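Structure data (mmCIF, C-alpha atoms and all ligand atoms) from input-v3.cif:
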data_work
#
loop_
_atom_site.label_atom_id
_atom_site.label_comp_id
_atom_site.auth_asym_id
_atom_site.auth_seq_id
_atom_site.Cartn_x
_atom_site.Cartn_y
_atom_site.Cartn_z
CA MET W 1 105.04 56.63 150.15
CA SER W 2 106.22 57.06 146.57
CA ASP W 3 107.66 60.48 145.67
CA SER W 4 104.57 61.21 143.59
CA VAL W 5 102.20 60.75 146.56
CA PRO W 6 103.55 62.63 149.60
CA MET W 7 101.88 61.27 152.73
CA ALA W 8 100.94 64.74 153.99
CA THR W 9 98.77 65.30 150.93
CA LEU W 10 96.97 61.98 151.10
CA ARG W 11 93.40 62.24 152.34
CA ILE W 12 91.68 58.99 153.27
CA ALA W 13 87.90 59.20 152.87
CA PRO W 14 86.02 58.96 156.18
CA GLU W 15 84.28 55.71 155.18
CA PHE W 16 87.66 53.92 155.32
CA SER W 17 89.32 55.70 158.22
CA ALA W 18 88.20 53.22 160.89
CA ARG W 19 90.08 50.48 159.06
CA VAL W 20 93.24 52.45 158.32
CA VAL W 21 96.28 52.70 160.60
CA PHE W 22 98.98 55.24 159.74
CA ASP W 23 102.63 54.48 160.57
CA ALA W 24 101.65 50.93 161.51
CA PRO W 25 104.58 49.08 163.15
CA MET W 26 105.07 46.01 160.95
CA SER W 27 106.72 44.19 163.86
CA LYS W 28 103.13 43.77 165.11
CA TYR W 29 102.02 42.02 161.94
CA THR W 30 104.89 39.65 161.18
CA SER W 31 105.87 36.38 162.86
CA TRP W 32 109.48 37.57 163.17
CA HIS W 33 108.18 40.54 165.17
CA ALA W 34 110.63 42.83 163.41
CA GLY W 35 110.37 45.66 160.92
CA GLY W 36 109.61 49.37 160.70
CA PRO W 37 106.33 51.20 160.10
CA ALA W 38 104.11 51.03 157.05
CA ASP W 39 102.86 54.43 155.89
CA LEU W 40 99.33 53.10 155.77
CA PHE W 41 97.86 49.74 156.84
CA PHE W 42 94.36 48.80 155.72
CA THR W 43 92.20 45.84 156.70
CA PRO W 44 89.11 45.66 154.46
CA ARG W 45 85.69 44.73 155.81
CA ASP W 46 84.89 42.62 152.75
CA VAL W 47 85.66 42.42 149.04
CA ALA W 48 83.42 45.35 148.10
CA ASP W 49 85.13 47.53 150.72
CA LEU W 50 88.53 46.40 149.40
CA ALA W 51 87.56 47.26 145.81
CA ALA W 52 86.33 50.71 146.84
CA PHE W 53 89.51 51.37 148.84
CA LEU W 54 91.75 50.37 145.93
CA ARG W 55 89.83 52.73 143.64
CA HIS W 56 90.24 55.46 146.24
CA LEU W 57 94.05 55.16 146.45
CA PRO W 58 96.29 57.19 144.14
CA PRO W 59 97.14 54.86 141.23
CA THR W 60 100.90 55.31 141.73
CA MET W 61 100.92 54.34 145.40
CA PRO W 62 102.99 51.18 146.04
CA LEU W 63 100.93 48.31 147.47
CA LEU W 64 101.97 45.33 149.55
CA TRP W 65 99.58 42.51 150.37
CA ILE W 66 100.00 40.69 153.68
CA GLY W 67 98.40 37.63 155.22
CA LEU W 68 99.68 36.54 158.62
CA GLY W 69 103.18 37.86 157.91
CA SER W 70 104.67 34.41 158.46
CA ASN W 71 106.98 34.59 155.48
CA LEU W 72 107.91 38.23 155.44
CA LEU W 73 110.95 40.21 156.56
CA VAL W 74 110.09 43.91 156.67
CA ARG W 75 113.21 46.05 156.90
CA ASP W 76 113.63 48.53 159.78
CA GLY W 77 112.87 51.58 157.64
CA GLY W 78 109.39 50.22 157.01
CA ILE W 79 107.14 50.33 153.99
CA ARG W 80 106.44 53.32 151.80
CA GLY W 81 102.92 53.04 150.48
CA ALA W 82 99.95 50.96 151.58
CA VAL W 83 99.80 47.52 153.13
CA VAL W 84 96.57 45.60 152.56
CA SER W 85 95.99 43.00 155.25
CA MET W 86 93.96 39.80 154.91
CA ASN W 87 94.40 38.95 158.58
CA GLY W 88 91.03 38.46 160.26
CA THR W 89 89.00 39.33 157.17
CA LEU W 90 87.84 37.70 153.91
CA GLY W 91 87.29 34.49 155.86
CA GLY W 92 84.58 32.76 153.80
CA LEU W 93 84.97 28.99 153.56
CA GLU W 94 82.41 26.61 152.04
CA ARG W 95 82.08 23.28 150.33
CA VAL W 96 80.71 23.74 146.83
CA SER W 97 80.56 20.10 145.66
CA ALA W 98 81.43 16.63 146.90
CA THR W 99 85.16 17.27 146.49
CA ARG W 100 85.50 20.97 145.92
CA ILE W 101 85.80 23.86 148.37
CA GLN W 102 85.78 27.62 147.96
CA ALA W 103 87.77 29.81 150.32
CA GLN W 104 88.60 33.48 150.61
CA ALA W 105 92.18 34.70 150.91
CA GLY W 106 92.01 35.47 154.64
CA VAL W 107 91.14 31.92 155.71
CA PRO W 108 93.94 30.61 157.95
CA CYS W 109 95.55 27.47 156.54
CA ALA W 110 95.00 25.67 159.85
CA LYS W 111 91.25 26.32 159.67
CA LEU W 112 91.12 25.10 156.08
CA ALA W 113 92.85 21.86 157.12
CA ARG W 114 90.52 21.24 160.06
CA GLN W 115 87.37 22.03 158.07
CA CYS W 116 88.40 19.72 155.21
CA VAL W 117 88.88 16.91 157.72
CA LYS W 118 85.34 17.60 159.04
CA TRP W 119 84.03 17.41 155.47
CA GLY W 120 85.88 14.12 154.95
CA LEU W 121 88.18 15.66 152.32
CA GLY W 122 91.92 15.28 151.89
CA PRO W 123 94.78 15.55 151.52
CA ALA W 124 94.45 19.01 153.08
CA GLU W 125 96.02 18.02 156.41
CA PHE W 126 99.39 19.39 155.30
CA PHE W 127 97.94 22.91 155.62
CA ALA W 128 97.51 22.43 159.38
CA GLY W 129 101.01 23.48 160.44
CA ILE W 130 101.40 26.37 158.00
CA PRO W 131 100.79 29.51 160.07
CA GLY W 132 99.57 31.70 157.21
CA THR W 133 96.47 32.53 155.21
CA LEU W 134 95.22 30.90 152.04
CA GLY W 135 96.26 34.08 150.18
CA GLY W 136 99.83 33.71 151.42
CA ALA W 137 99.76 29.99 150.58
CA LEU W 138 98.66 30.82 147.03
CA ALA W 139 101.39 33.47 146.69
CA MET W 140 104.11 31.12 148.00
CA ASN W 141 102.81 27.75 146.80
CA ALA W 142 103.09 26.75 150.44
CA GLY W 143 103.41 23.08 151.19
CA ALA W 144 104.53 20.46 153.65
CA TRP W 145 104.82 16.67 153.95
CA ASP W 146 104.46 16.12 150.18
CA GLY W 147 101.41 18.38 149.96
CA GLU W 148 101.45 21.59 147.94
CA THR W 149 98.83 24.32 147.60
CA TRP W 150 98.70 24.62 143.81
CA ARG W 151 98.20 20.88 143.26
CA HIS W 152 94.65 21.55 144.46
CA VAL W 153 93.85 24.89 142.83
CA ILE W 154 91.12 24.89 140.17
CA ASP W 155 90.91 28.64 139.80
CA VAL W 156 91.56 31.82 141.78
CA ASP W 157 89.67 35.06 142.33
CA VAL W 158 91.90 38.10 141.95
CA ILE W 159 91.55 41.85 142.28
CA ASP W 160 93.64 44.49 140.55
CA ARG W 161 94.64 47.93 141.76
CA ARG W 162 91.59 49.54 140.15
CA GLY W 163 89.43 47.25 142.28
CA VAL W 164 88.38 45.12 139.30
CA ARG W 165 87.75 41.48 140.19
CA SER W 166 88.19 38.48 137.92
CA THR W 167 88.71 34.74 137.99
CA ARG W 168 91.72 33.01 136.50
CA PRO W 169 92.21 29.28 135.93
CA ALA W 170 95.22 27.66 137.61
CA THR W 171 96.71 27.20 134.13
CA ASP W 172 97.24 30.99 133.96
CA TYR W 173 100.10 30.65 136.48
CA VAL W 174 103.65 29.38 136.29
CA VAL W 175 104.07 27.54 139.56
CA GLY W 176 107.21 26.02 141.05
CA TYR W 177 108.60 24.92 144.38
CA ARG W 178 107.58 27.68 146.88
CA HIS W 179 107.21 30.01 143.93
CA VAL W 180 104.34 31.41 141.87
CA GLU W 181 104.64 33.95 139.09
CA ARG W 182 101.77 36.31 139.80
CA HIS W 183 100.31 38.75 137.32
CA ALA W 184 101.52 42.29 137.95
CA ASP W 185 99.34 44.50 140.17
CA GLU W 186 96.90 41.69 140.88
CA TRP W 187 96.31 39.90 144.21
CA PHE W 188 94.47 36.80 145.40
CA ILE W 189 91.15 37.21 147.13
CA GLY W 190 89.99 33.60 146.99
CA ALA W 191 90.21 30.24 145.29
CA ARG W 192 88.44 27.01 144.54
CA LEU W 193 90.39 23.91 145.56
CA GLU W 194 89.80 20.28 144.70
CA PHE W 195 90.43 17.43 147.13
CA GLU W 196 89.54 13.76 147.34
CA ARG W 197 86.86 12.12 149.44
CA LYS W 198 88.50 10.47 152.43
CA PRO W 199 85.77 8.77 154.41
CA GLY W 200 86.82 8.10 158.00
CA ILE W 201 89.50 10.79 158.04
CA ASN W 202 89.81 12.48 161.44
CA ASP W 203 91.87 14.95 163.46
CA ALA W 204 94.36 12.28 164.50
CA LEU W 205 96.44 12.76 161.36
CA ILE W 206 96.58 16.55 161.91
CA LYS W 207 97.63 15.99 165.52
CA GLU W 208 100.35 13.60 164.38
CA LEU W 209 101.71 16.06 161.79
CA LEU W 210 101.73 18.90 164.33
CA GLU W 211 103.51 16.67 166.83
CA ARG W 212 106.16 15.79 164.21
CA ARG W 213 106.70 19.52 163.63
CA LYS W 214 107.12 20.16 167.35
CA GLN W 215 109.81 17.49 167.49
CA THR W 216 111.84 18.96 164.63
CA GLN W 217 111.07 22.72 164.45
CA PRO W 218 111.32 25.57 166.99
CA ILE W 219 107.55 26.05 167.14
CA GLY W 220 106.49 28.85 169.49
CA GLU W 221 109.64 30.92 168.91
CA TRP W 222 109.62 33.99 166.67
CA SER W 223 110.57 32.85 163.20
CA CYS W 224 109.45 32.77 159.60
CA GLY W 225 109.68 29.03 159.15
CA SER W 226 112.25 27.93 156.60
CA VAL W 227 114.32 30.92 155.54
CA PHE W 228 115.91 29.27 152.49
CA ILE W 229 114.51 27.19 149.66
CA ASN W 230 115.86 23.67 149.57
CA PRO W 231 118.31 23.47 146.64
CA PRO W 232 117.49 20.63 144.19
CA GLY W 233 118.28 17.29 145.84
CA GLU W 234 119.48 18.95 149.05
CA HIS W 235 118.16 20.29 152.33
CA ALA W 236 119.09 23.88 153.16
CA GLY W 237 118.99 23.00 156.88
CA ARG W 238 121.46 20.16 156.45
CA LEU W 239 123.90 22.38 154.52
CA ILE W 240 123.70 25.13 157.15
CA GLU W 241 124.29 22.62 159.92
CA GLN W 242 127.23 21.06 158.03
CA CYS W 243 128.81 24.53 157.90
CA GLY W 244 128.71 24.71 161.69
CA LEU W 245 126.20 27.55 161.77
CA LYS W 246 123.63 26.09 164.18
CA GLY W 247 123.31 28.57 167.04
CA PHE W 248 125.32 31.28 165.22
CA ARG W 249 124.10 34.60 166.60
CA LEU W 250 124.04 38.20 165.38
CA GLY W 251 122.46 40.67 167.78
CA ASP W 252 119.30 39.02 169.07
CA ALA W 253 118.89 36.78 166.01
CA SER W 254 120.33 33.29 165.75
CA VAL W 255 120.26 30.18 163.59
CA SER W 256 117.98 27.75 165.42
CA GLN W 257 119.66 24.94 167.35
CA LYS W 258 116.67 22.75 166.57
CA HIS W 259 116.36 23.31 162.80
CA ALA W 260 119.18 25.12 161.00
CA ASN W 261 116.89 26.52 158.28
CA PHE W 262 115.05 28.59 160.91
CA ILE W 263 116.31 31.95 162.17
CA ILE W 264 114.99 32.96 165.57
CA ASN W 265 114.34 36.43 166.90
CA HIS W 266 115.02 36.07 170.62
CA GLY W 267 113.09 39.24 171.40
CA ALA W 268 114.98 42.36 170.37
CA ALA W 269 116.40 41.50 166.94
CA ARG W 270 116.09 44.21 164.34
CA ALA W 271 115.30 43.28 160.75
CA ALA W 272 118.87 44.38 159.94
CA ASP W 273 120.26 41.70 162.31
CA ILE W 274 118.08 39.05 160.68
CA GLU W 275 119.04 40.16 157.17
CA ALA W 276 122.74 40.28 158.08
CA LEU W 277 122.44 36.75 159.48
CA ILE W 278 120.73 35.59 156.27
CA LEU W 279 123.63 37.04 154.25
CA HIS W 280 126.22 35.47 156.56
CA VAL W 281 124.57 32.05 156.18
CA GLN W 282 124.42 32.43 152.39
CA ARG W 283 128.09 33.47 152.16
CA THR W 284 129.34 30.75 154.50
CA VAL W 285 127.38 28.00 152.75
CA ALA W 286 128.50 29.25 149.30
CA LEU W 287 132.16 29.32 150.42
CA GLN W 288 132.11 25.88 151.97
CA THR W 289 129.79 23.97 149.63
CA HIS W 290 129.62 26.08 146.43
CA ILE W 291 125.83 25.95 146.74
CA GLU W 292 123.92 29.21 146.58
CA LEU W 293 121.01 29.35 149.02
CA LYS W 294 118.03 31.38 147.82
CA THR W 295 115.63 32.91 150.32
CA GLU W 296 112.10 31.57 150.62
CA VAL W 297 111.04 34.55 152.74
CA SER W 298 110.02 37.77 151.02
CA ILE W 299 112.25 40.67 152.07
CA VAL W 300 110.55 44.04 151.65
CA GLY W 301 110.75 47.68 152.71
CA ASP W 302 113.40 50.32 153.29
CA ALA W 303 116.63 49.60 155.14
C1 LIG H 1 106.72 28.26 162.33
C2 LIG H 1 106.51 28.37 160.83
C3 LIG H 1 106.37 27.21 160.07
C4 LIG H 1 106.18 27.32 158.68
N1 LIG H 1 106.03 26.15 157.97
C5 LIG H 1 105.83 26.23 156.63
C6 LIG H 1 105.65 25.03 155.87
O1 LIG H 1 105.64 23.93 156.36
N2 LIG H 1 105.47 25.17 154.54
C7 LIG H 1 105.45 26.38 153.92
O2 LIG H 1 105.27 26.44 152.69
N3 LIG H 1 105.61 27.52 154.62
C8 LIG H 1 105.80 27.47 155.96
N4 LIG H 1 105.97 28.63 156.68
C9 LIG H 1 106.00 29.93 155.97
C10 LIG H 1 104.63 30.62 155.81
O3 LIG H 1 103.76 30.24 156.84
C11 LIG H 1 104.00 30.30 154.46
O4 LIG H 1 104.81 30.74 153.38
C12 LIG H 1 102.61 30.95 154.33
O5 LIG H 1 102.00 30.50 153.14
C13 LIG H 1 102.65 32.48 154.30
O6 LIG H 1 101.33 32.95 154.45
P1 LIG H 1 101.02 34.37 155.07
O7 LIG H 1 99.57 34.56 155.01
O8 LIG H 1 101.64 34.50 156.42
O9 LIG H 1 101.77 35.29 154.01
P2 LIG H 1 102.65 36.59 154.30
O10 LIG H 1 103.88 36.19 155.05
O11 LIG H 1 101.81 37.63 154.89
O12 LIG H 1 103.07 36.96 152.82
C14 LIG H 1 103.97 36.14 152.11
C15 LIG H 1 104.06 36.65 150.66
O13 LIG H 1 102.82 36.45 150.01
C16 LIG H 1 102.29 37.70 149.55
N5 LIG H 1 100.83 37.64 149.76
C17 LIG H 1 100.19 37.43 150.94
N6 LIG H 1 98.87 37.41 150.74
C18 LIG H 1 98.67 37.62 149.42
C19 LIG H 1 97.50 37.72 148.59
N7 LIG H 1 96.27 37.59 149.10
N8 LIG H 1 97.67 37.94 147.26
C20 LIG H 1 98.90 38.07 146.73
N9 LIG H 1 100.04 37.99 147.47
C21 LIG H 1 99.92 37.78 148.79
C22 LIG H 1 102.97 38.75 150.38
O14 LIG H 1 103.01 40.01 149.71
C23 LIG H 1 104.34 38.14 150.55
O15 LIG H 1 105.14 38.36 149.42
C24 LIG H 1 106.14 28.57 158.06
C25 LIG H 1 106.26 29.74 158.83
C26 LIG H 1 106.44 29.65 160.21
C27 LIG H 1 106.55 30.90 161.04
#
Is it possible to give me this structure as structure tokens?
Amino acid sequence: MSDSVPMATLRIAPEFSARVVFDAPMSKYTSWHAGGPADLFFTPRDVADLAAFLRHLPPTMPLLWIGLGSNLLVRDGGIRGAVVSMNGTLGGLERVSATRIQAQAGVPCAKLARQCVKWGLGPAEFFAGIPGTLGGALAMNAGAWDGETWRHVIDVDVIDRRGVRSTRPATDYVVGYRHVERHADEWFIGARLEFERKPGINDALIKELLERRKQTQPIGEWSCGSVFINPPGEHAGRLIEQCGLKGFRLGDASVSQKHANFIINHGAARAADIEALILHVQRTVALQTHIELKTEVSIVGDA
């Protein structure tokens, strides 16, 4: 909670209380299964409910948006302020023309991929192995196998902290590799995406891509996917491996033996162990290769 909004004085109106959790352990909501409590965790029923809740919050309260928490390291001290979750809500997904779809921010990427295949649209298959929401994919410009979220975005629906909704064209955003410059105090609630007609497309391609992932990535273990952005012309994983860091362990966190750009929580790692391991990898790679690795994962919260 920010200094100006002491938690003890915050009163949540009864119409929202069923969807609010106080002191919510963020380890429950992140794929690393680490991190301390959020002061307040809210899952809206729909967009109108979300708008009303945002209007209800003190305007100075810090806000963090979360999808499936698959690219997020929440520190052990947790999050002061409110977390707004898109997990299991805002799940609308429809086809609005021969090649265009409309989806809300809570739609899981895997569902979007499968539904596009059913509609005979592509290339959306790359979304299949990304274990996040469309909102997270928009925030991160998520991508895989030569596919990238923002290559398909026509426009996005956003909401600001006063609960005001608007639509912005894709051209309003500066987008880069795993990076999007968002407008301050504004979050994604949906988007329209354009694909191509791919008659005859079927699930086989998705299955093949998922199989390829299983061969090369530690799927099923607690991770956040790739921790570091690939430096231009390089692969972060290859650099980390070259530095002899595969398997390097701090507490219950280690660099994956299968893919060196993944850090695994073996069960009891604290966020501090994971962050210390991230720093160790960065320092070692910088010393040995003079290349600075930047994190892809968002690191948030109090130490
Ligand atoms: C096993 C594994 C494999 C992965 N493979 C890939 C891959 O191939 N390619 C890839 O790009 N990523 C990959 N990832 C990382 C992750 O899945 C993606 O970055 C995904 O897009 C994050 O979505 P999320 O809903 O989980 O976002 P979260 O982790 O919940 O949030 C990520 C960031 O986006 C912000 N955010 C979330 N929702 C919104 C919103 N609605 N509006 C504004 N900001 C928002 C959050 O505040 C945070 O800063 C992988 C992760 C795992 C665990």
Point (94.1, 15.7, 162.4) neighbourhood (12 Å, only C-alpha atoms) written as number ranges by chain = W: 110-118, 120-129, 200-211
key: Residues near Ala137 of chain W, cut-off 9 Å, all atoms listed in the file, skip fewer than 3 positions along chain, as JSON, numbers by chain   = {"W": [105, 109, 127, 130, 132, 133, 134, 140, 141, 142, 143, 148, 149, 150, 178]}
query = With distances taken over all atoms listed in the file, which of W:Glu221, W:Leu54, W:Arg283, W:Phe16 is nearest to Glu186 of chain W?
reply =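 Ranked by minimum distance to Glu186 of chain W, first place goes to W:Leu54.
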Env. residues ligand LIG 1 (chain H) / 6 Å / only C-alpha atoms and all ligand atoms / as an NGL selection string = :W and (31 or 64-72 or 105 or 130-133 or 135-137 or 139-140 or 142-144 or 187-189 or 219 or 223-225 or 298)
request  = For each of W:Arg80, W:Arg161, W:Lys294, W:Arg95, take the minimum atom-to-atom distance to Pro59 of chain W, counting all atoms listed in the file, then give the residue where this is smallest.
outcome  =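 Between W:Arg80, W:Arg161, W:Lys294, W:Arg95, the residue approaching Pro59 of chain W most closely is W:Arg161.
Taking atom CA of Leu279 of chain W as the reference point, atom CA of Val74 of chain W is found at 15.4 Å.
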request  = Calculate how many Å separate atom CA of Val83 of chain W from atom CA of Thr167 of chain W, rounding to one decimal.
outcome  = 22.7 Å
request  = Would you please work out which residue, of W:Arg45, W:His290, W:Arg75, W:Arg55, is nearest to Ala303 of chain W when using all atoms listed in the file?
outcome  =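 That would be W:Arg75, the residue with the smallest distance to Ala303 of chain W.
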Centre and edges of the segment 280-297 of chain W box, axis-aligned, 5 Å extra per side, as JSON:
{"center_x": 121.6, "center_y": 29.7, "center_z": 151.5, "size_x": 31.1, "size_y": 21.5, "size_z": 20.1}
task = Find the residue from W:Val21, W:Ala98, W:Leu293, W:Met26 that sits nearest to Glu234 of chain W; use only C-alpha atoms when measuring.
result =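 Result for the nearest residue to Glu234 of chain W: W:Leu293.
Taking atom CA of Ala253 of chain W as the reference point, atom CA of His179 of chain W is found at 25.9 Å.
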